[in-house]
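*Asks:* Just so it is clear, I am handing over coords.pdb, which has PDB, C-alpha atoms.
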ATOM      1  CA  LYS A  12      16.088 -51.132 -43.048  1.00  0.00           C
ATOM      2  CA  LEU A  13      12.766 -52.697 -42.208  1.00  0.00           C
ATOM      3  CA  THR A  14       9.987 -51.147 -40.159  1.00  0.00           C
ATOM      4  CA  ILE A  15       6.502 -52.193 -39.157  1.00  0.00           C
ATOM      5  CA  ALA A  16       3.488 -50.153 -38.119  1.00  0.00           C
ATOM      6  CA  SER A  17       1.961 -52.899 -35.977  1.00  0.00           C
ATOM      7  CA  GLU A  18       2.783 -53.303 -32.304  1.00  0.00           C
ATOM      8  CA  GLY A  19       3.221 -56.394 -30.178  1.00  0.00           C
ATOM      9  CA  ASP A  20       5.484 -59.402 -29.934  1.00  0.00           C
ATOM     10  CA  GLU A  21       3.933 -61.256 -32.858  1.00  0.00           C
ATOM     11  CA  ALA A  22       4.521 -58.345 -35.254  1.00  0.00           C
ATOM     12  CA  GLN A  23       8.093 -57.838 -34.036  1.00  0.00           C
ATOM     13  CA  ASN A  24       8.900 -61.553 -34.292  1.00  0.00           C
ATOM     14  CA  SER A  25       7.523 -61.621 -37.838  1.00  0.00           C
ATOM     15  CA  LEU A  26       9.687 -58.637 -38.758  1.00  0.00           C
ATOM     16  CA  VAL A  27      12.809 -60.350 -37.406  1.00  0.00           C
ATOM     17  CA  GLU A  28      11.916 -63.510 -39.362  1.00  0.00           C
ATOM     18  CA  ILE A  29      11.462 -61.511 -42.591  1.00  0.00           C
ATOM     19  CA  ALA A  30      14.758 -59.685 -42.039  1.00  0.00           C
ATOM     20  CA  GLY A  31      16.567 -62.991 -41.520  1.00  0.00           C
ATOM     21  CA  SER A  32      15.091 -64.367 -44.739  1.00  0.00           C
ATOM     22  CA  VAL A  33      16.153 -61.273 -46.707  1.00  0.00           C
ATOM     23  CA  GLU A  34      19.657 -61.486 -45.241  1.00  0.00           C
ATOM     24  CA  LYS A  35      20.022 -65.127 -46.331  1.00  0.00           C
ATOM     25  CA  GLN A  36      18.822 -64.338 -49.857  1.00  0.00           C
ATOM     26  CA  LEU A  37      21.319 -61.479 -50.272  1.00  0.00           C
ATOM     27  CA  LYS A  38      24.270 -63.814 -49.617  1.00  0.00           C
ATOM     28  CA  GLN A  39      26.572 -60.913 -48.803  1.00  0.00           C
ATOM     29  CA  GLU A  40      29.261 -60.363 -46.232  1.00  0.00           C
ATOM     30  CA  LYS A  41      28.236 -58.221 -43.290  1.00  0.00           C
ATOM     31  CA  TYR A  42      30.242 -55.006 -43.207  1.00  0.00           C
ATOM     32  CA  TRP A  43      29.712 -51.273 -43.439  1.00  0.00           C
ATOM     33  CA  PRO A  44      30.464 -49.540 -46.756  1.00  0.00           C
ATOM     34  CA  GLU A  45      34.173 -48.735 -47.003  1.00  0.00           C
ATOM     35  CA  VAL A  46      33.445 -45.062 -47.678  1.00  0.00           C
ATOM     36  CA  LEU A  47      32.246 -44.643 -44.069  1.00  0.00           C
ATOM     37  CA  HIS A  48      35.851 -45.099 -42.911  1.00  0.00           C
ATOM     38  CA  ILE A  49      36.773 -41.841 -44.678  1.00  0.00           C
ATOM     39  CA  PHE A  50      34.604 -39.726 -42.378  1.00  0.00           C
ATOM     40  CA  PRO A  51      36.418 -37.833 -39.636  1.00  0.00           C
ATOM     41  CA  PRO A  52      35.961 -39.261 -36.139  1.00  0.00           C
ATOM     42  CA  GLU A  53      33.446 -37.997 -33.597  1.00  0.00           C
ATOM     43  CA  LYS A  54      30.341 -38.174 -35.789  1.00  0.00           C
ATOM     44  CA  LEU A  55      27.084 -37.707 -33.942  1.00  0.00           C
ATOM     45  CA  PRO A  56      25.713 -41.163 -33.083  1.00  0.00           C
ATOM     46  CA  TYR A  57      23.500 -42.778 -35.736  1.00  0.00           C
ATOM     47  CA  SER A  58      23.832 -39.750 -38.042  1.00  0.00           C
ATOM     48  CA  GLU A  59      25.176 -41.512 -41.133  1.00  0.00           C
ATOM     49  CA  HIS A  60      22.892 -41.443 -44.168  1.00  0.00           C
ATOM     50  CA  TYR A  61      23.016 -42.418 -47.818  1.00  0.00           C
ATOM     51  CA  ILE A  62      21.311 -40.244 -50.422  1.00  0.00           C
ATOM     52  CA  ALA A  63      21.025 -42.162 -53.707  1.00  0.00           C
ATOM     53  CA  GLU A  64      19.796 -39.296 -55.899  1.00  0.00           C
ATOM     54  CA  ASN A  65      19.439 -35.532 -55.963  1.00  0.00           C
ATOM     55  CA  PHE A  66      21.803 -34.734 -53.113  1.00  0.00           C
ATOM     56  CA  LEU A  67      21.246 -31.094 -52.054  1.00  0.00           C
ATOM     57  CA  GLY A  68      18.408 -31.031 -54.598  1.00  0.00           C
ATOM     58  CA  PHE A  69      20.631 -31.414 -57.685  1.00  0.00           C
ATOM     59  CA  GLU A  70      20.044 -34.201 -60.207  1.00  0.00           C
ATOM     60  CA  PHE A  71      23.775 -34.349 -61.001  1.00  0.00           C
ATOM     61  CA  LEU A  72      24.802 -35.057 -57.371  1.00  0.00           C
ATOM     62  CA  ASN A  73      24.183 -38.717 -56.578  1.00  0.00           C
ATOM     63  CA  SER A  74      25.342 -41.477 -54.234  1.00  0.00           C
ATOM     64  CA  ALA A  75      26.235 -39.228 -51.314  1.00  0.00           C
ATOM     65  CA  PHE A  76      27.090 -40.472 -47.847  1.00  0.00           C
ATOM     66  CA  THR A  77      26.584 -37.930 -45.059  1.00  0.00           C
ATOM     67  CA  ALA A  78      27.308 -37.678 -41.349  1.00  0.00           C
ATOM     68  CA  ASP A  79      26.433 -35.000 -38.811  1.00  0.00           C
ATOM     69  CA  TYR A  80      28.875 -33.299 -36.458  1.00  0.00           C
ATOM     70  CA  ARG A  81      28.812 -30.794 -33.613  1.00  0.00           C
ATOM     71  CA  LYS A  82      31.829 -28.786 -32.542  1.00  0.00           C
ATOM     72  CA  GLU A  83      31.857 -25.848 -30.157  1.00  0.00           C
ATOM     73  CA  GLY A  84      28.061 -25.645 -30.306  1.00  0.00           C
ATOM     74  CA  GLU A  85      27.903 -25.555 -34.115  1.00  0.00           C
ATOM     75  CA  ASP A  86      26.111 -28.297 -36.059  1.00  0.00           C
ATOM     76  CA  PHE A  87      27.370 -29.128 -39.541  1.00  0.00           C
ATOM     77  CA  GLN A  88      27.408 -31.985 -42.007  1.00  0.00           C
ATOM     78  CA  VAL A  89      30.192 -33.766 -43.860  1.00  0.00           C
ATOM     79  CA  PHE A  90      29.479 -35.531 -47.140  1.00  0.00           C
ATOM     80  CA  ILE A  91      31.391 -37.914 -49.364  1.00  0.00           C
ATOM     81  CA  ILE A  92      30.583 -38.883 -52.951  1.00  0.00           C
ATOM     82  CA  LYS A  93      32.686 -41.679 -54.403  1.00  0.00           C
ATOM     83  CA  THR A  94      32.295 -42.519 -58.099  1.00  0.00           C
ATOM     84  CA  GLY A  95      33.675 -45.271 -60.308  1.00  0.00           C
ATOM     85  CA  THR A  96      36.203 -43.026 -62.053  1.00  0.00           C
ATOM     86  CA  PRO A  97      37.837 -39.616 -61.526  1.00  0.00           C
ATOM     87  CA  GLU A  98      36.158 -38.412 -64.740  1.00  0.00           C
ATOM     88  CA  GLU A  99      32.697 -39.057 -63.268  1.00  0.00           C
ATOM     89  CA  VAL A 100      33.292 -37.032 -60.131  1.00  0.00           C
ATOM     90  CA  HIS A 101      35.046 -34.265 -62.116  1.00  0.00           C
ATOM     91  CA  GLU A 102      31.986 -34.025 -64.373  1.00  0.00           C
ATOM     92  CA  MET A 103      29.721 -33.897 -61.303  1.00  0.00           C
ATOM     93  CA  LEU A 104      31.707 -31.048 -59.730  1.00  0.00           C
ATOM     94  CA  GLY A 105      31.921 -29.278 -63.109  1.00  0.00           C
ATOM     95  CA  LYS A 106      28.129 -29.261 -63.373  1.00  0.00           C
ATOM     96  CA  TYR A 107      27.847 -27.907 -59.837  1.00  0.00           C
ATOM     97  CA  LEU A 108      30.336 -25.118 -60.541  1.00  0.00           C
ATOM     98  CA  LYS A 109      28.541 -24.283 -63.786  1.00  0.00           C
ATOM     99  CA  PHE A 110      25.217 -24.080 -61.924  1.00  0.00           C
ATOM    100  CA  THR A 111      26.755 -21.637 -59.432  1.00  0.00           C
ATOM    101  CA  LYS A 112      28.312 -19.637 -62.299  1.00  0.00           C
ATOM    102  CA  GLN A 113      31.825 -20.237 -61.014  1.00  0.00           C
ATOM    103  CA  GLU A 114      34.307 -20.385 -63.862  1.00  0.00           C
ATOM    104  CA  GLU A 115      36.871 -22.670 -62.250  1.00  0.00           C
ATOM    105  CA  GLN A 116      38.929 -25.431 -63.807  1.00  0.00           C
ATOM    106  CA  VAL A 117      37.995 -28.799 -62.279  1.00  0.00           C
ATOM    107  CA  SER A 118      41.045 -30.613 -60.959  1.00  0.00           C
ATOM    108  CA  ASP A 119      42.057 -32.268 -57.714  1.00  0.00           C
ATOM    109  CA  GLY A 120      42.108 -29.762 -54.884  1.00  0.00           C
ATOM    110  CA  GLN A 121      39.923 -27.590 -52.691  1.00  0.00           C
ATOM    111  CA  PHE A 122      37.004 -25.450 -53.826  1.00  0.00           C
ATOM    112  CA  LYS A 123      34.485 -23.148 -52.185  1.00  0.00           C
ATOM    113  CA  ILE A 124      31.135 -23.552 -53.893  1.00  0.00           C
ATOM    114  CA  ARG A 125      28.932 -20.495 -53.544  1.00  0.00           C
ATOM    115  CA  ASP A 126      25.559 -22.220 -53.737  1.00  0.00           C
ATOM    116  CA  PRO A 127      22.627 -19.747 -53.706  1.00  0.00           C
ATOM    117  CA  TYR A 128      20.336 -22.360 -52.124  1.00  0.00           C
ATOM    118  CA  ASN A 129      22.628 -24.208 -49.708  1.00  0.00           C
ATOM    119  CA  GLY A 130      25.142 -21.503 -48.795  1.00  0.00           C
ATOM    120  CA  ASP A 131      28.907 -21.744 -49.133  1.00  0.00           C
ATOM    121  CA  ILE A 132      30.152 -25.313 -49.262  1.00  0.00           C
ATOM    122  CA  ASP A 133      33.825 -26.145 -48.881  1.00  0.00           C
ATOM    123  CA  VAL A 134      34.806 -29.240 -50.866  1.00  0.00           C
ATOM    124  CA  ILE A 135      37.870 -31.272 -51.681  1.00  0.00           C
ATOM    125  CA  LEU A 136      38.235 -33.311 -54.850  1.00  0.00           C
ATOM    126  CA  LYS A 137      40.755 -36.120 -54.955  1.00  0.00           C
ATOM    127  CA  GLY A 138      40.778 -38.961 -57.463  1.00  0.00           C
ATOM    128  CA  ASN A 139      37.272 -40.366 -57.768  1.00  0.00           C
ATOM    129  CA  THR A 140      36.014 -38.829 -54.507  1.00  0.00           C
ATOM    130  CA  LEU A 141      34.403 -35.521 -53.579  1.00  0.00           C
ATOM    131  CA  GLY A 142      34.119 -34.607 -49.915  1.00  0.00           C
ATOM    132  CA  GLY A 143      32.695 -31.487 -48.378  1.00  0.00           C
ATOM    133  CA  ILE A 144      31.319 -29.614 -45.400  1.00  0.00           C
ATOM    134  CA  ILE A 145      27.880 -28.033 -45.251  1.00  0.00           C
ATOM    135  CA  ASN A 146      26.576 -25.385 -42.818  1.00  0.00           C
ATOM    136  CA  CYS A 147      29.864 -24.666 -41.069  1.00  0.00           C
ATOM    137  CA  ASP A 148      30.685 -20.998 -40.508  1.00  0.00           C
ATOM    138  CA  ASN A 149      33.725 -21.484 -38.269  1.00  0.00           C
ATOM    139  CA  GLU A 150      36.807 -21.094 -40.483  1.00  0.00           C
ATOM    140  CA  SER A 151      39.115 -23.094 -38.200  1.00  0.00           C
ATOM    141  CA  THR A 152      36.618 -25.985 -38.073  1.00  0.00           C
ATOM    142  CA  LEU A 153      36.324 -25.889 -41.882  1.00  0.00           C
ATOM    143  CA  LYS A 154      40.095 -26.084 -42.291  1.00  0.00           C
ATOM    144  CA  GLU A 155      40.376 -28.863 -39.717  1.00  0.00           C
ATOM    145  CA  TYR A 156      37.706 -31.059 -41.287  1.00  0.00           C
ATOM    146  CA  ILE A 157      38.778 -30.439 -44.891  1.00  0.00           C
ATOM    147  CA  GLY A 158      42.273 -31.470 -43.753  1.00  0.00           C
ATOM    148  CA  LEU A 159      40.912 -34.615 -42.122  1.00  0.00           C
ATOM    149  CA  LEU A 160      39.051 -35.510 -45.310  1.00  0.00           C
ATOM    150  CA  GLU A 161      42.087 -34.819 -47.482  1.00  0.00           C
ATOM    151  CA  ASN A 162      44.269 -37.099 -45.357  1.00  0.00           C
ATOM    152  CA  LYS A 163      41.859 -40.022 -45.758  1.00  0.00           C
ATOM    153  CA  LEU A 164      41.067 -39.622 -49.463  1.00  0.00           C
TER
END
Is it possible to give me this structure as structure tokens?
*Replies:*
Amino acid sequence: KLTIASEGDEAQNSLVEIAGSVEKQLKQEKYWPEVLHIFPPEKLPYSEHYIAENFLGFEFLNSAFTADYRKEGEDFQVFIIKTGTPEEVHEMLGKYLKFTKQEEQVSDGQFKIRDPYNGDIDVILKGNTLGGIINCDNESTLKEYIGLLENKL
């Protein structure tokens, strides 16, 4: 993502030229990250984000993709963290559970993380992927979206 503080056609044209040069140097195919296809449909427009480090303020939660949703007047967020191996994501979730003082065995399945800073977070762990829902108080919406995530993982 490139931005410029200057206004006017000359500045904008220069920005487009720089972006084109960067694109050529990257020599990569043009496509969205595959993980974005896991998100349930009906995301709020332009709400997808990538958080490289310290997701939710924790140094052990990294490489998180997020998207915002609104259902029945309630705003919430879905996140997905995909690691290289199942062991990596299991370790990540284990550290989170340890932080919250939850003595649960980490294995594939659903968990409710009782985070003192971010509230209750429903998550699903499957293979090398952790998905979850933040700031959703509606139990039927939680079940629906956890089910949607589980089907795509």
*Asks:* With 3 Å added on each side, what axis-aligned box encloses every listed atom of range 97-104 of chain A? Give the centre and edge lengths in Å to one decimal, as lines of an AutoDock Vina configuration file.
*Replies:*
center_x = 33.8
center_y = -35.3
center_z = -62.2
size_x = 14.1
size_y = 14.6
size_z = 11.0
*Asks:* Let me know the residues the PyMOL selection byres ((chain A and resi 143-151) around 8) catches in the file above, as an mmCIF file with C-alpha atoms, keeping the file's coordinate frame.
*Replies:*
data_model
loop_
_atom_site.group_PDB
_atom_site.id
_atom_site.type_symbol
_atom_site.label_atom_id
_atom_site.label_comp_id
_atom_site.auth_asym_id
_atom_site.auth_seq_id
_atom_site.Cartn_x
_atom_site.Cartn_y
_atom_site.Cartn_z
ATOM 1 C CA GLU A 85 27.903 -25.555 -34.115
ATOM 2 C CA ASP A 86 26.111 -28.297 -36.059
ATOM 3 C CA PHE A 87 27.370 -29.128 -39.541
ATOM 4 C CA GLN A 88 27.408 -31.985 -42.007
ATOM 5 C CA VAL A 89 30.192 -33.766 -43.860
ATOM 6 C CA PHE A 90 29.479 -35.531 -47.140
ATOM 7 C CA ILE A 91 31.391 -37.914 -49.364
ATOM 8 C CA ASN A 129 22.628 -24.208 -49.708
ATOM 9 C CA GLY A 130 25.142 -21.503 -48.795
ATOM 10 C CA ASP A 131 28.907 -21.744 -49.133
ATOM 11 C CA ILE A 132 30.152 -25.313 -49.262
ATOM 12 C CA ASP A 133 33.825 -26.145 -48.881
ATOM 13 C CA VAL A 134 34.806 -29.240 -50.866
ATOM 14 C CA ILE A 135 37.870 -31.272 -51.681
ATOM 15 C CA LEU A 141 34.403 -35.521 -53.579
ATOM 16 C CA GLY A 142 34.119 -34.607 -49.915
ATOM 17 C CA THR A 152 36.618 -25.985 -38.073
ATOM 18 C CA LEU A 153 36.324 -25.889 -41.882
ATOM 19 C CA LYS A 154 40.095 -26.084 -42.291
ATOM 20 C CA GLU A 155 40.376 -28.863 -39.717
ATOM 21 C CA TYR A 156 37.706 -31.059 -41.287
ATOM 22 C CA ILE A 157 38.778 -30.439 -44.891
#
*Asks:* Using Å and a single decimal, report how far CA of Ala63 in chain A sits from CA of Ala78 in chain A.
*Replies:*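 Taking CA of Ala78 in chain A as the start and CA of Ala63 in chain A as the end point, the length is 14.6 Å.
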*Asks:* On this structure, the PyMOL selection byres ((chain A and resi 50) around 9) would catch which residues? List them as a PDB file with C-alpha atoms, in the coordinates of the input, sorted by chain and number.
*Replies:*
ATOM      1  CA  VAL A  46      33.445 -45.062 -47.678  1.00  0.00           C
ATOM      2  CA  LEU A  47      32.246 -44.643 -44.069  1.00  0.00           C
ATOM      3  CA  HIS A  48      35.851 -45.099 -42.911  1.00  0.00           C
ATOM      4  CA  ILE A  49      36.773 -41.841 -44.678  1.00  0.00           C
ATOM      5  CA  PRO A  51      36.418 -37.833 -39.636  1.00  0.00           C
ATOM      6  CA  PRO A  52      35.961 -39.261 -36.139  1.00  0.00           C
ATOM      7  CA  LYS A  54      30.341 -38.174 -35.789  1.00  0.00           C
ATOM      8  CA  THR A  77      26.584 -37.930 -45.059  1.00  0.00           C
ATOM      9  CA  ALA A  78      27.308 -37.678 -41.349  1.00  0.00           C
ATOM     10  CA  VAL A  89      30.192 -33.766 -43.860  1.00  0.00           C
ATOM     11  CA  PHE A  90      29.479 -35.531 -47.140  1.00  0.00           C
ATOM     12  CA  ILE A  91      31.391 -37.914 -49.364  1.00  0.00           C
ATOM     13  CA  LEU A 159      40.912 -34.615 -42.122  1.00  0.00           C
ATOM     14  CA  LEU A 160      39.051 -35.510 -45.310  1.00  0.00           C
ATOM     15  CA  LYS A 163      41.859 -40.022 -45.758  1.00  0.00           C
TER      16      LYS A 163
END
*Asks:* I need the residue nearest Thr140 in chain A from this list: A:Gly95, A:Gly105, A:Gly158, A:Pro127. Use all atoms listed in the file for the distance.
*Replies:* A:Gly95
*Asks:* My list of candidates is A:Val117, A:Val27, A:Leu164, A:Leu72. Which is closest to Met103 in chain A when distances are computed with only C-alpha atoms?
*Replies:*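 Closest residue, counting only C-alpha atoms: A:Leu72.
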*Asks:* Could you please determine the separation between CA of Lys112 in chain A and CA of Arg125 in chain A in Å, to one decimal place?
*Replies:*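 Rounded to one decimal, the two atoms are 8.8 Å apart.
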*Asks:* Could you check how far CA of Phe66 in chain A sits from CA of Asp126 in chain A, in Å to one decimal?
*Replies:*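 Distance between the two atoms: 13.1 Å.
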*Asks:* Taking into account all atoms listed in the file, which residue in the set A:Trp43, A:Phe122, A:Tyr57, A:Tyr128 is nearest to Phe69 in chain A?
*Replies:*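 Ranking A:Trp43, A:Phe122, A:Tyr57, A:Tyr128 by distance to Phe69 in chain A, first place goes to A:Tyr128.
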*Asks:* So, with only C-alpha atoms as the atoms that count, which of A:Ile124, A:Leu37, A:Ile15, A:Val100 lies closest to Asn73 in chain A?
*Replies:* A:Val100
*Asks:* Which one is closest to Leu55 in chain A: A:Glu161, A:Asp79, A:Phe71, A:Lys38? Count only C-alpha atoms.
*Replies:*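 Using only C-alpha atoms, Leu55 in chain A sits closest to A:Asp79.
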*Asks:* Ranking A:Gly31, A:Pro44, A:Gly19, A:Gly138 by minimum distance to Pro97 in chain A and counting only C-alpha atoms, which one comes first?
*Replies:* A:Gly138
*Asks:* Quick one: apply the PyMOL selection byres ((chain A and resi 75) around 6) to the file and drop the selected residues here as a list of chain:residue names.
*Replies:*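 Listing what the PyMOL selection byres ((chain A and resi 75) around 6) selects in the shown file: A:Tyr61, A:Ile62, A:Asn73, A:Ser74, A:Phe76, A:Ile91, A:Ile92.
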